[in-house]
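This is target_19.cif. It holds mmCIF, C-alpha atoms.
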```cif
data_coords
loop_
_atom_site.label_atom_id
_atom_site.label_comp_id
_atom_site.auth_asym_id
_atom_site.auth_seq_id
_atom_site.Cartn_x
_atom_site.Cartn_y
_atom_site.Cartn_z
CA ASN J 1 -129.53 135.72 140.73
CA ASN J 2 -128.17 137.74 137.83
CA SER J 3 -127.70 141.28 139.19
CA PHE J 4 -124.84 142.14 141.50
CA LEU J 5 -123.60 145.14 143.44
CA PRO J 6 -120.86 146.79 141.34
CA PHE J 7 -118.45 147.24 144.25
CA VAL J 8 -117.35 145.42 147.41
CA VAL J 9 -118.88 146.18 150.80
CA ALA J 10 -117.60 145.37 154.27
CA PRO J 11 -118.92 145.98 157.79
CA LEU J 12 -117.01 148.59 159.77
CA ASN J 13 -118.47 149.07 163.25
CA LYS J 14 -122.00 150.34 162.52
CA LYS J 15 -121.23 151.50 158.98
CA VAL J 16 -120.90 149.89 155.56
CA VAL J 17 -117.67 150.76 153.80
CA ALA J 18 -117.48 150.64 149.97
CA LEU J 19 -114.34 149.04 148.52
CA ASN J 20 -112.47 147.93 145.43
CA TYR J 21 -109.97 145.08 145.38
CA ASN J 22 -106.39 145.19 144.11
CA LYS J 23 -105.75 141.67 142.84
CA SER J 24 -102.01 142.07 142.32
CA GLN J 25 -101.39 143.39 145.84
CA LYS J 26 -104.21 141.33 147.38
CA GLU J 27 -105.50 144.32 149.30
CA TYR J 28 -108.73 146.29 149.42
CA TYR J 29 -108.97 150.07 149.16
CA LEU J 30 -111.74 152.65 149.37
CA LEU J 31 -114.03 153.01 146.39
CA TYR J 32 -114.31 156.77 147.04
CA GLN J 33 -111.62 158.21 149.28
CA LYS J 34 -113.65 161.28 150.27
CA PHE J 35 -116.93 159.40 150.72
CA PRO J 36 -116.04 155.98 152.16
CA PHE J 37 -119.43 154.84 153.49
CA LEU J 38 -122.53 153.62 151.68
CA LYS J 39 -125.53 155.57 152.97
CA ALA J 40 -128.46 154.62 150.71
CA ILE J 41 -129.48 152.55 147.70
CA ASN J 42 -132.18 154.10 145.51
CA THR J 43 -133.25 156.37 148.41
CA ILE J 44 -133.58 153.40 150.80
CA GLN J 45 -131.37 154.09 153.81
CA ILE J 46 -128.72 151.40 154.13
CA ASP J 47 -129.80 150.36 157.64
CA ASP J 48 -133.36 149.78 156.41
CA PHE J 49 -132.11 147.94 153.32
CA LEU J 50 -129.93 145.60 155.38
CA LYS J 51 -132.74 144.68 157.76
CA LYS J 52 -135.07 143.74 154.91
CA ILE J 53 -132.78 141.31 153.08
CA VAL J 54 -132.08 138.81 155.87
CA PRO J 55 -135.53 137.90 157.26
CA LYS J 56 -134.40 134.47 158.44
CA ASP J 57 -131.61 136.03 160.52
CA ILE J 58 -133.62 138.93 161.94
CA ASN J 59 -133.31 137.62 165.53
CA ALA J 60 -129.53 137.24 165.39
CA PRO J 61 -127.44 139.45 167.71
CA GLU J 62 -127.16 142.97 166.31
CA THR J 63 -123.52 142.84 165.19
CA ALA J 64 -123.89 139.37 163.69
CA LEU J 65 -127.06 140.42 161.85
CA ARG J 66 -125.28 143.39 160.32
CA THR J 67 -122.30 141.36 159.14
CA ARG J 68 -124.56 138.69 157.64
CA SER J 69 -126.68 141.27 155.82
CA VAL J 70 -123.65 143.17 154.48
CA LYS J 71 -122.39 139.90 153.01
CA LYS J 72 -125.77 139.36 151.32
CA LEU J 73 -125.86 142.91 149.96
CA LYS J 74 -123.92 141.92 146.86
CA TYR J 75 -126.74 139.76 145.47
CA MET J 76 -129.15 142.49 144.36
CA ALA J 77 -131.59 140.43 142.30
CA ASN J 78 -132.05 138.09 145.24
CA ASN J 79 -132.40 141.02 147.65
CA TYR J 80 -135.16 142.66 145.63
CA ALA J 81 -136.96 139.33 145.32
CA ILE J 82 -136.85 138.98 149.14
CA MET J 83 -138.31 142.50 149.43
CA ASN J 84 -140.99 141.52 146.88
CA LYS J 85 -139.86 144.31 144.54
CA THR J 86 -138.80 144.49 140.91
CA VAL J 87 -135.15 145.28 140.32
CA PRO J 88 -135.02 148.93 139.16
CA GLU J 89 -133.55 149.71 135.74
CA ASN J 90 -131.33 152.45 137.18
CA PHE J 91 -129.40 152.46 140.44
CA GLU J 92 -128.46 155.48 142.47
CA PHE J 93 -126.10 155.15 145.41
CA ILE J 94 -125.50 157.75 148.12
CA PHE J 95 -122.04 157.72 149.68
CA THR J 96 -121.07 159.75 152.73
CA ASN J 97 -118.19 160.75 154.97
CA GLY J 98 -120.54 161.40 157.86
CA LYS J 99 -120.82 165.12 157.13
CA THR J 100 -121.41 165.47 153.41
CA ASP J 101 -122.84 163.12 150.79
CA THR J 102 -122.38 162.41 147.11
CA ILE J 103 -124.78 160.69 144.71
CA VAL J 104 -123.39 158.27 142.13
CA LYS J 105 -125.29 156.40 139.39
CA ILE J 106 -123.64 153.05 138.67
CA PRO J 107 -125.26 150.16 136.76
CA LEU J 108 -125.41 146.77 138.42
CA GLU J 109 -123.17 143.99 137.19
CA ASN J 110 -124.99 141.27 135.27
CA LYS J 111 -122.58 138.50 136.14
CA ARG J 112 -120.84 137.35 139.27
CA SER J 113 -118.00 139.72 140.17
CA ALA J 114 -114.40 138.75 139.60
CA TYR J 115 -113.66 139.62 143.22
CA ARG J 116 -115.04 137.62 146.13
CA THR J 117 -117.39 138.81 148.82
CA TRP J 118 -115.33 140.53 151.51
CA ASP J 119 -114.18 138.52 154.49
CA GLU J 120 -111.39 138.72 157.04
CA LYS J 121 -107.98 137.87 155.64
CA PHE J 122 -107.33 135.34 158.41
CA ALA J 123 -110.69 133.69 157.64
CA ARG J 124 -109.65 133.24 154.00
CA VAL J 125 -106.35 131.73 155.07
CA ASN J 126 -108.22 129.35 157.36
CA ASN J 127 -110.47 127.95 154.63
CA PRO J 128 -108.08 125.25 153.36
CA ILE J 129 -106.91 124.52 156.92
CA LYS J 130 -110.46 123.76 158.10
CA LYS J 131 -110.69 121.01 155.47
CA ASP J 132 -107.70 119.13 156.85
CA LEU J 133 -106.81 119.73 160.49
CA ASN J 134 -104.81 116.49 160.36
CA ASN J 135 -102.22 118.04 158.02
CA PRO J 136 -99.17 119.14 160.07
CA GLU J 137 -97.98 121.56 157.36
CA LEU J 138 -101.34 123.31 157.14
CA ILE J 139 -101.91 123.70 160.87
CA LYS J 140 -98.41 124.70 161.99
CA ASN J 141 -99.13 128.42 161.50
CA LEU J 142 -102.06 128.23 163.93
CA PHE J 143 -99.63 127.98 166.85
CA HIS J 144 -96.83 130.38 167.75
CA ILE J 145 -95.12 132.27 170.58
CA ASP J 146 -94.03 135.80 169.70
CA GLU J 147 -90.94 137.80 170.62
CA ASN J 148 -92.68 139.12 173.75
CA ASN J 149 -93.40 135.55 174.92
CA ILE J 150 -97.14 135.79 174.20
CA ALA J 151 -98.51 132.41 173.15
CA TYR J 152 -101.14 132.38 170.39
CA LEU J 153 -103.46 129.60 169.22
CA ARG J 154 -106.08 129.92 166.49
CA ILE J 155 -108.97 127.45 166.42
CA PRO J 156 -110.60 127.61 162.96
CA GLU J 157 -113.22 124.96 163.71
CA MET J 158 -114.60 123.23 166.79
CA VAL J 159 -113.52 119.69 165.93
CA SER J 160 -113.52 116.46 167.88
CA GLN J 161 -110.40 114.47 168.66
CA ARG J 162 -111.71 111.57 166.60
CA LYS J 163 -111.77 113.70 163.44
CA ALA J 164 -108.66 115.82 164.10
CA LEU J 165 -106.18 113.70 166.02
CA VAL J 166 -103.16 115.62 164.67
CA PHE J 167 -104.64 118.98 165.65
CA PHE J 168 -105.30 117.79 169.22
CA LYS J 169 -101.80 116.32 169.47
CA THR J 170 -100.24 119.54 168.18
CA LEU J 171 -102.41 121.62 170.53
CA ASN J 172 -101.24 119.68 173.60
CA GLU J 173 -97.61 119.85 172.51
CA PHE J 174 -98.00 123.60 172.05
CA MET J 175 -99.60 124.06 175.46
CA PHE J 176 -96.54 122.52 177.10
CA LYS J 177 -94.30 124.82 175.04
CA ALA J 178 -96.46 127.73 176.23
CA LYS J 179 -96.07 126.81 179.91
CA SER J 180 -93.49 129.57 180.46
CA SER J 181 -95.25 132.19 178.31
CA VAL J 182 -96.46 135.43 179.91
CA SER J 183 -100.00 135.07 178.56
CA LEU J 184 -102.08 133.03 176.15
CA ILE J 185 -104.42 134.10 173.33
CA ILE J 186 -107.03 131.66 172.02
CA ASP J 187 -108.58 132.93 168.77
CA VAL J 188 -112.04 131.65 167.74
CA ARG J 189 -112.94 134.57 165.47
CA GLY J 190 -114.74 133.36 162.36
CA ASN J 191 -115.16 129.90 163.90
CA GLY J 192 -118.55 128.54 162.81
CA GLY J 193 -118.70 125.84 165.47
CA GLY J 194 -118.79 122.06 165.59
CA THR J 195 -118.46 120.04 168.78
CA ARG J 196 -117.56 120.88 172.41
CA HIS J 197 -114.54 118.58 172.67
CA LEU J 198 -111.98 121.39 172.42
CA ILE J 199 -113.65 123.13 175.36
CA ASN J 200 -112.92 120.16 177.60
CA GLU J 201 -109.43 119.73 176.16
CA LEU J 202 -108.37 123.29 176.97
CA ALA J 203 -110.30 123.35 180.26
CA GLY J 204 -107.79 120.75 181.45
CA TYR J 205 -105.20 123.56 181.38
CA PHE J 206 -107.45 126.47 182.35
CA VAL J 207 -109.36 125.05 185.35
CA HIS J 208 -107.45 124.41 188.57
CA PRO J 209 -107.51 120.71 189.58
CA ASP J 210 -109.27 121.65 192.84
CA SER J 211 -112.01 123.64 191.08
CA THR J 212 -115.26 122.72 189.36
CA TYR J 213 -117.52 125.15 187.51
CA ILE J 214 -121.02 124.90 186.08
CA VAL J 215 -120.75 126.81 182.82
CA ASN J 216 -123.94 126.00 180.91
CA ALA J 217 -127.45 124.87 181.91
CA THR J 218 -129.94 123.52 179.38
CA ARG J 219 -133.42 122.05 179.09
CA GLN J 220 -134.34 119.68 176.29
CA ARG J 221 -137.77 119.78 174.71
CA GLY J 222 -139.36 116.34 174.50
CA LYS J 223 -141.51 113.80 176.22
CA THR J 224 -140.14 112.92 179.63
CA PRO J 225 -138.38 110.83 180.61
CA LEU J 226 -136.19 111.62 177.62
CA ASN J 227 -135.59 108.82 175.14
CA GLU J 228 -132.11 107.40 174.63
CA ASN J 229 -131.47 109.37 171.42
CA LEU J 230 -132.09 112.70 173.15
CA LYS J 231 -129.99 111.63 176.12
CA ASP J 232 -127.16 110.75 173.75
CA ASP J 233 -127.46 114.16 172.07
CA LEU J 234 -127.06 115.85 175.44
CA HIS J 235 -124.26 113.58 176.62
CA ASN J 236 -122.36 114.25 173.37
CA ARG J 237 -122.47 117.92 174.40
CA PHE J 238 -121.22 116.97 177.90
CA LEU J 239 -124.61 117.86 179.37
CA PHE J 240 -125.84 115.71 182.28
CA SER J 241 -128.83 115.77 184.59
CA LYS J 242 -128.24 116.23 188.31
CA ASN J 243 -128.84 112.55 189.10
CA GLU J 244 -126.09 111.59 186.62
CA LEU J 245 -123.48 113.56 188.61
CA ASP J 246 -121.51 112.53 191.69
CA ALA J 247 -122.31 113.81 195.19
CA GLN J 248 -119.79 116.66 195.09
CA GLU J 249 -121.06 117.84 191.72
CA GLN J 250 -124.69 117.58 192.88
CA GLY J 251 -123.85 119.86 195.80
CA LEU J 252 -122.37 122.34 193.34
CA VAL J 253 -125.57 122.17 191.26
CA ASP J 254 -127.66 123.00 194.33
CA LYS J 255 -125.45 126.00 195.09
CA PHE J 256 -125.54 127.15 191.46
CA MET J 257 -129.32 126.86 191.18
CA SER J 258 -129.88 128.84 194.39
CA ASN J 259 -128.60 131.94 192.56
CA PHE J 260 -129.45 131.06 188.94
CA VAL J 261 -132.28 133.06 187.36
CA PRO J 262 -133.08 131.81 183.82
CA MET J 263 -134.63 134.39 181.51
CA TYR J 264 -137.40 131.90 180.60
CA ASN J 265 -139.51 129.72 182.87
CA LEU J 266 -140.32 126.69 180.74
CA ASP J 267 -143.25 124.28 180.87
CA ASN J 268 -142.23 121.22 182.88
CA ASN J 269 -144.60 119.11 180.77
CA LYS J 270 -142.74 120.00 177.58
CA TYR J 271 -139.13 120.30 178.73
CA SER J 272 -136.76 118.06 180.62
CA ALA J 273 -135.17 118.90 183.93
CA PHE J 274 -131.98 120.95 183.68
CA HIS J 275 -128.86 119.34 182.27
CA TYR J 276 -125.51 120.86 183.20
CA PHE J 277 -122.15 121.35 181.53
CA LEU J 278 -119.49 121.08 184.24
CA LEU J 279 -115.78 121.75 183.97
CA ASN J 280 -114.32 119.48 186.65
CA GLY J 281 -110.66 120.34 187.06
CA ARG J 282 -109.86 117.10 188.83
CA GLU J 283 -111.10 115.01 185.91
CA LEU J 284 -109.97 117.25 183.05
CA SER J 285 -106.41 118.00 184.23
CA LYS J 286 -105.06 114.45 183.84
CA ASP J 287 -101.70 114.58 181.98
CA LYS J 288 -101.95 118.38 181.87
CA TYR J 289 -100.90 121.33 184.04
CA HIS J 290 -102.69 124.42 185.31
CA TYR J 291 -101.92 127.46 183.15
CA ASN J 292 -102.24 130.26 185.71
CA LYS J 293 -101.20 133.21 183.52
CA PRO J 294 -103.66 135.63 181.85
CA ILE J 295 -105.76 134.00 179.12
CA TYR J 296 -107.53 136.01 176.41
CA ILE J 297 -110.20 134.47 174.19
CA MET J 298 -110.69 136.41 170.96
CA ALA J 299 -114.17 136.12 169.44
CA ASN J 300 -116.25 138.05 166.95
CA GLU J 301 -119.71 138.21 165.42
CA LYS J 302 -118.93 135.12 163.33
CA SER J 303 -118.09 132.94 166.34
CA PHE J 304 -121.10 130.64 166.18
CA SER J 305 -122.56 127.48 167.70
CA ALA J 306 -119.91 125.56 169.69
CA ALA J 307 -117.48 128.47 169.21
CA SER J 308 -119.98 130.81 170.87
CA VAL J 309 -120.38 128.22 173.65
CA PHE J 310 -116.57 128.20 173.97
CA ALA J 311 -116.54 131.97 174.52
CA SER J 312 -119.50 131.87 176.91
CA VAL J 313 -118.37 129.05 179.19
CA PHE J 314 -114.86 130.40 179.75
CA LYS J 315 -115.85 134.04 180.21
CA GLY J 316 -115.62 135.00 183.88
CA LEU J 317 -113.45 132.09 184.97
CA PRO J 318 -110.24 133.02 186.85
CA ASN J 319 -107.52 134.59 184.67
CA ILE J 320 -109.74 134.52 181.55
CA LYS J 321 -111.08 137.52 179.60
CA LEU J 322 -113.17 137.58 176.44
CA VAL J 323 -111.93 140.03 173.78
CA GLY J 324 -113.31 141.34 170.48
CA VAL J 325 -116.99 141.90 169.70
CA ASN J 326 -120.25 140.21 170.68
CA THR J 327 -120.51 136.61 169.51
CA ASP J 328 -123.25 135.14 167.32
CA GLY J 329 -124.63 132.88 170.03
CA SER J 330 -126.21 129.53 169.24
CA SER J 331 -126.65 126.23 171.05
CA GLY J 332 -129.93 124.59 170.18
CA ASN J 333 -129.48 120.86 169.41
CA SER J 334 -131.35 121.49 166.16
CA GLU J 335 -133.27 118.91 164.16
CA ARG J 336 -134.18 118.93 160.47
CA PHE J 337 -137.64 118.00 159.23
CA VAL J 338 -139.73 117.91 156.04
CA LEU J 339 -143.38 118.99 156.06
CA PRO J 340 -145.41 116.07 154.70
CA ASN J 341 -147.63 117.93 152.22
CA SER J 342 -145.62 120.87 150.94
CA LYS J 343 -142.26 119.04 151.28
CA LEU J 344 -140.80 122.27 152.60
CA ARG J 345 -137.70 121.60 154.65
CA GLY J 346 -137.06 123.19 158.02
CA LYS J 347 -134.67 123.19 160.93
CA ILE J 348 -135.59 123.99 164.53
CA SER J 349 -133.84 124.09 167.87
CA THR J 350 -135.01 121.54 170.44
CA MET J 351 -132.90 122.67 173.40
CA VAL J 352 -132.95 125.90 175.41
CA SER J 353 -129.37 126.69 176.35
CA PHE J 354 -128.72 129.14 179.18
CA GLN J 355 -125.47 130.95 179.90
CA LYS J 356 -124.18 131.30 183.44
CA ASN J 357 -125.93 134.67 183.77
CA GLY J 358 -129.34 133.17 182.92
CA GLN J 359 -129.53 134.54 179.39
CA ILE J 360 -129.87 132.18 176.47
CA LEU J 361 -127.21 132.07 173.76
CA ASP J 362 -129.49 132.31 170.72
CA GLY J 363 -130.14 135.86 169.58
CA ILE J 364 -128.00 137.32 172.37
CA GLY J 365 -124.50 135.88 172.18
CA THR J 366 -121.82 136.85 174.68
CA LYS J 367 -120.44 140.34 175.22
CA PRO J 368 -116.65 140.64 175.52
CA ASP J 369 -114.87 141.96 178.59
CA ILE J 370 -112.58 143.99 176.31
CA ILE J 371 -114.18 145.41 173.17
CA ILE J 372 -111.84 145.69 170.18
CA GLU J 373 -113.50 146.30 166.82
CA ARG J 374 -111.78 145.95 163.45
CA ASN J 375 -110.42 149.10 161.83
CA LEU J 376 -109.90 150.12 158.20
CA ASP J 377 -106.44 148.55 157.98
CA GLN J 378 -107.96 145.22 158.99
CA ILE J 379 -110.66 145.73 156.35
CA PHE J 380 -107.91 146.45 153.80
CA TRP J 381 -106.06 143.21 154.74
CA LYS J 382 -103.01 145.27 155.77
CA GLU J 383 -102.97 144.04 159.37
CA ASP J 384 -104.92 142.13 161.99
CA TYR J 385 -105.68 145.21 164.06
CA GLN J 386 -107.70 143.37 166.72
CA LEU J 387 -104.87 140.94 167.46
CA LYS J 388 -102.26 143.70 167.30
CA ARG J 389 -104.24 145.89 169.71
CA LEU J 390 -104.75 143.02 172.16
CA LYS J 391 -101.01 142.33 172.21
CA GLU J 392 -100.37 146.03 172.86
CA LEU J 393 -102.72 145.89 175.87
CA ILE J 394 -100.99 142.77 177.18
CA ASN J 395 -97.55 144.39 176.85
CA GLU J 396 -98.79 147.51 178.67
CA GLU J 397 -99.78 145.52 181.76
#
```
Rewrite the structure of this file - the entire thing - as structure tokens.
Amino acid sequence: NNSFLPFVVAPLNKKVVALNYNKSQKEYYLLYQKFPFLKAINTIQIDDFLKKIVPKDINAPETALRTRSVKKLKYMANNYAIMNKTVPENFEFIFTNGKTDTIVKIPLENKRSAYRTWDEKFARVNNPIKKDLNNPELIKNLFHIDENNIAYLRIPEMVSQRKALVFFKTLNEFMFKAKSSVSLIIDVRGNGGGTRHLINELAGYFVHPDSTYIVNATRQRGKTPLNENLKDDLHNRFLFSKNELDAQEQGLVDKFMSNFVPMYNLDNNKYSAFHYFLLNGRELSKDKYHYNKPIYIMANEKSFSAASVFASVFKGLPNIKLVGVNTDGSSGNSERFVLPNSKLRGKISTMVSFQKNGQILDGIGTKPDIIIERNLDQIFWKEDYQLKRLKELINEE
């Protein structure tokens, strides 16, 4: 991997914007002011180029696929190897403003660029925090209440209480401070996932003590009855079969299934009976209170795995709206394996995970109730436009 794109690229809605980076000011700016968007590389239209360089992600949700491929665009030697082509000696780039184009010949860089691949500013700030969610100084900026009494909580990683005791303690202290706030924003943008423990923790505040909701239904591939290891995998995700639930919860399952239409009908000889993720307000609300103000969950195309489950399970519950862009859905209880002869390594999902609407998470994700896409100022690291716009909408209500 010894040939690199000679400029920075970032996803902007359905376009690819070309950038340079100002190290002293720590901001990005347009490579060509009059022609901000990359249209083609060596006559290959950018949309076609992007689809060819991420074959393993080709079934990802559209927005997630684009962001992943734009991030990979920098590594040109690798990209041409994936396309089974020789790296050309000369490179010609077409830039556009949507009406007129310009052609620029720029040689590739032969060493890794001094600047980093573009990412959200808040995601960069989160990187050291994710490594130590037990550090009070690092995590304090993840919680705040602004001058308009809007409470805000960023979750950079879906951690368990066992591994992030300080984060959980701080979260609960913050939720009691936020009791008198006018609304609450939970931010899982850029969150790559982890475990489901934070879903249950916050559900204790979000779900009324008299309410119970089925928020996820899954079927596990494997010989039935499932062995103890597979049962443990499901239980660790708070997924239980109907006969493991109490009478009231079983009645709720019957009501849920009478209207539930899964997008796939699976072979009963290969898959277990359904297992359900329930948010039982009576059980979860112990030592908590019911937050009955508007709740907004911010997610984006990099909200993955347990973070995409977080967005999916809360969407549609009373007082809760999902904001941002479509998530990169995933919830597959994956297993790694090594092929015995070739020694090639693989990873495959073993669980089919359905959302409340019957769609699976993988390859579809969850669509927000309020769509807010990033703008150029967010690309430039000048502001968090999505968060700013959401707060404007809250203040207008």
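Distance-wise, CA of Ile129 (chain J) and CA of Asn20 (chain J) end up 26.7 Å apart.
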| task | Between J:Tyr289, J:Phe168, J:Asn126, J:Ile139, single out the one closest to Ser180 (chain J), counting all atoms listed in the file. | result | J:Tyr289
| said: What does the structure give for the distance between CA of Lys223 (chain J) and CA of Met351 (chain J), in Å to one decimal? | reply: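 Atom-to-atom, CA of Lys223 (chain J) and CA of Met351 (chain J) are spaced 12.7 Å apart.
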| Non-local contacts of region 172-177 of chain J (12 Å; all atoms listed in the file; under 2 positions in same chain excluded) as an MDAnalysis selection string | chainID J and resid 139:145 149:154 161 165:170 179:186 198 201:206 285 287:291
Take the residues that were just selected and, keeping C-alpha atoms, output them as a compact mmCIF listing (two decimals), in the coordinates of the input.
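again.txt, written as the output of this step:
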```
# COMPACT_ATOMS: atom_id res chain seq x y z
CA ILE J 139 -101.91 123.70 160.87
CA LYS J 140 -98.41 124.70 161.99
CA ASN J 141 -99.13 128.42 161.50
CA LEU J 142 -102.06 128.23 163.93
CA PHE J 143 -99.63 127.98 166.85
CA HIS J 144 -96.83 130.38 167.75
CA ILE J 145 -95.12 132.27 170.58
CA ASN J 149 -93.40 135.55 174.92
CA ILE J 150 -97.14 135.79 174.20
CA ALA J 151 -98.51 132.41 173.15
CA TYR J 152 -101.14 132.38 170.39
CA LEU J 153 -103.46 129.60 169.22
CA ARG J 154 -106.08 129.92 166.49
CA GLN J 161 -110.40 114.47 168.66
CA LEU J 165 -106.18 113.70 166.02
CA VAL J 166 -103.16 115.62 164.67
CA PHE J 167 -104.64 118.98 165.65
CA PHE J 168 -105.30 117.79 169.22
CA LYS J 169 -101.80 116.32 169.47
CA THR J 170 -100.24 119.54 168.18
CA LYS J 179 -96.07 126.81 179.91
CA SER J 180 -93.49 129.57 180.46
CA SER J 181 -95.25 132.19 178.31
CA VAL J 182 -96.46 135.43 179.91
CA SER J 183 -100.00 135.07 178.56
CA LEU J 184 -102.08 133.03 176.15
CA ILE J 185 -104.42 134.10 173.33
CA ILE J 186 -107.03 131.66 172.02
CA LEU J 198 -111.98 121.39 172.42
CA GLU J 201 -109.43 119.73 176.16
CA LEU J 202 -108.37 123.29 176.97
CA ALA J 203 -110.30 123.35 180.26
CA GLY J 204 -107.79 120.75 181.45
CA TYR J 205 -105.20 123.56 181.38
CA PHE J 206 -107.45 126.47 182.35
CA SER J 285 -106.41 118.00 184.23
CA ASP J 287 -101.70 114.58 181.98
CA LYS J 288 -101.95 118.38 181.87
CA TYR J 289 -100.90 121.33 184.04
CA HIS J 290 -102.69 124.42 185.31
CA TYR J 291 -101.92 127.46 183.15
```
Evaluated on this file, the PyMOL selection byres ((chain J and resi 263) around 8) picks out some residues - which ones are they, written as a CSV table (one decimal) with C-alpha atoms, keeping the file's coordinate frame?
```
chain,number,residue,atom,x,y,z
J,261,VAL,CA,-132.3,133.1,187.4
J,262,PRO,CA,-133.1,131.8,183.8
J,264,TYR,CA,-137.4,131.9,180.6
J,265,ASN,CA,-139.5,129.7,182.9
J,358,GLY,CA,-129.3,133.2,182.9
J,359,GLN,CA,-129.5,134.5,179.4
J,360,ILE,CA,-129.9,132.2,176.5
```
| note | Restricting to all atoms listed in the file, whichever of J:Ser330, J:Asn90, J:Thr63, J:Gln386 is closest to Phe354 (chain J) is J:Ser330
| said: Starting from the PyMOL selection byres ((chain J and resi 197) around 8), expand the selection into actual residues of this file and give them as a ChimeraX atom specification. | reply: /J:158-161,195-196,198-201
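The space between CA of Arg221 (chain J) and CA of Thr350 (chain J) spans 5.4 Å.
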| request: Report the residues retrieved by the PyMOL selection byres ((chain J and resi 35-39) around 6) from the displayed file, expressed as a list in words. | output: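 So the PyMOL selection byres ((chain J and resi 35-39) around 6) ends up selecting Val16, Val17, Ala18, Tyr32, Gln33, Lys34, Ala40, Ile46, Ile94, Phe95, Thr96 and Asn97 of chain J.
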| task | Have a look at J:Ala64, J:Ser303, J:Leu73, J:Thr117 and name the one nearest to Leu50 (chain J); count all atoms listed in the file. | result | J:Leu73
| request: Show me as an NGL selection string the residues that reach within 9 Å of (-112.5, 125.5, 159.1), counting only C-alpha atoms and using the file's own coordinates. | output: :J and (123 or 126-133 or 155-158 or 190-193)
| query | Do you know which residues are at most 9 Å from Phe314 (chain J) counting only C-alpha atoms, after dropping those on the same chain fewer than 4 positions away, and could you put them as a VMD selection string? | reply | chain J and resid 199 203 206 215 297 309 to 310 318 320 to 322
Give me the residues near Ile364 (chain J) as an mmCIF file with C-alpha atoms, in the frame of the given file, where near means some atom within 8 Å (using only C-alpha atoms) and where sequence neighbours in that chain fewer than 6 positions away do not count.
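See result.cif below for the written result:
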```
data_model
loop_
_atom_site.group_PDB
_atom_site.id
_atom_site.type_symbol
_atom_site.label_atom_id
_atom_site.label_comp_id
_atom_site.auth_asym_id
_atom_site.auth_seq_id
_atom_site.Cartn_x
_atom_site.Cartn_y
_atom_site.Cartn_z
ATOM 1 C CA ALA J 60 -129.530 137.240 165.390
ATOM 2 C CA PRO J 61 -127.440 139.450 167.710
ATOM 3 C CA ASP J 328 -123.250 135.140 167.320
ATOM 4 C CA GLY J 329 -124.630 132.880 170.030
#
```
| For Thr327 (chain J): contacts at 8 Å, only C-alpha atoms, fewer than 4 positions along chain excluded, given as a PyMOL selection string | chain J and resi 61+64+299-304+308+311+365-367
Region 28-38 of chain J, all listed atoms, 6 Å padding on each side: what axis-aligned box centre and edge lengths in Å to one decimal come out, as lines of an AutoDock Vina configuration file?
```
center_x = -115.6
center_y = 153.8
center_z = 149.9
size_x = 25.8
size_y = 27.0
size_z = 19.1
```
| said: So, with only C-alpha atoms as the atoms that count, which of J:Arg237, J:Lys356, J:Arg374, J:Arg336 lies closest to Ser312 (chain J)? | reply: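 Ranking J:Arg237, J:Lys356, J:Arg374, J:Arg336 by distance to Ser312 (chain J), first place goes to J:Lys356.
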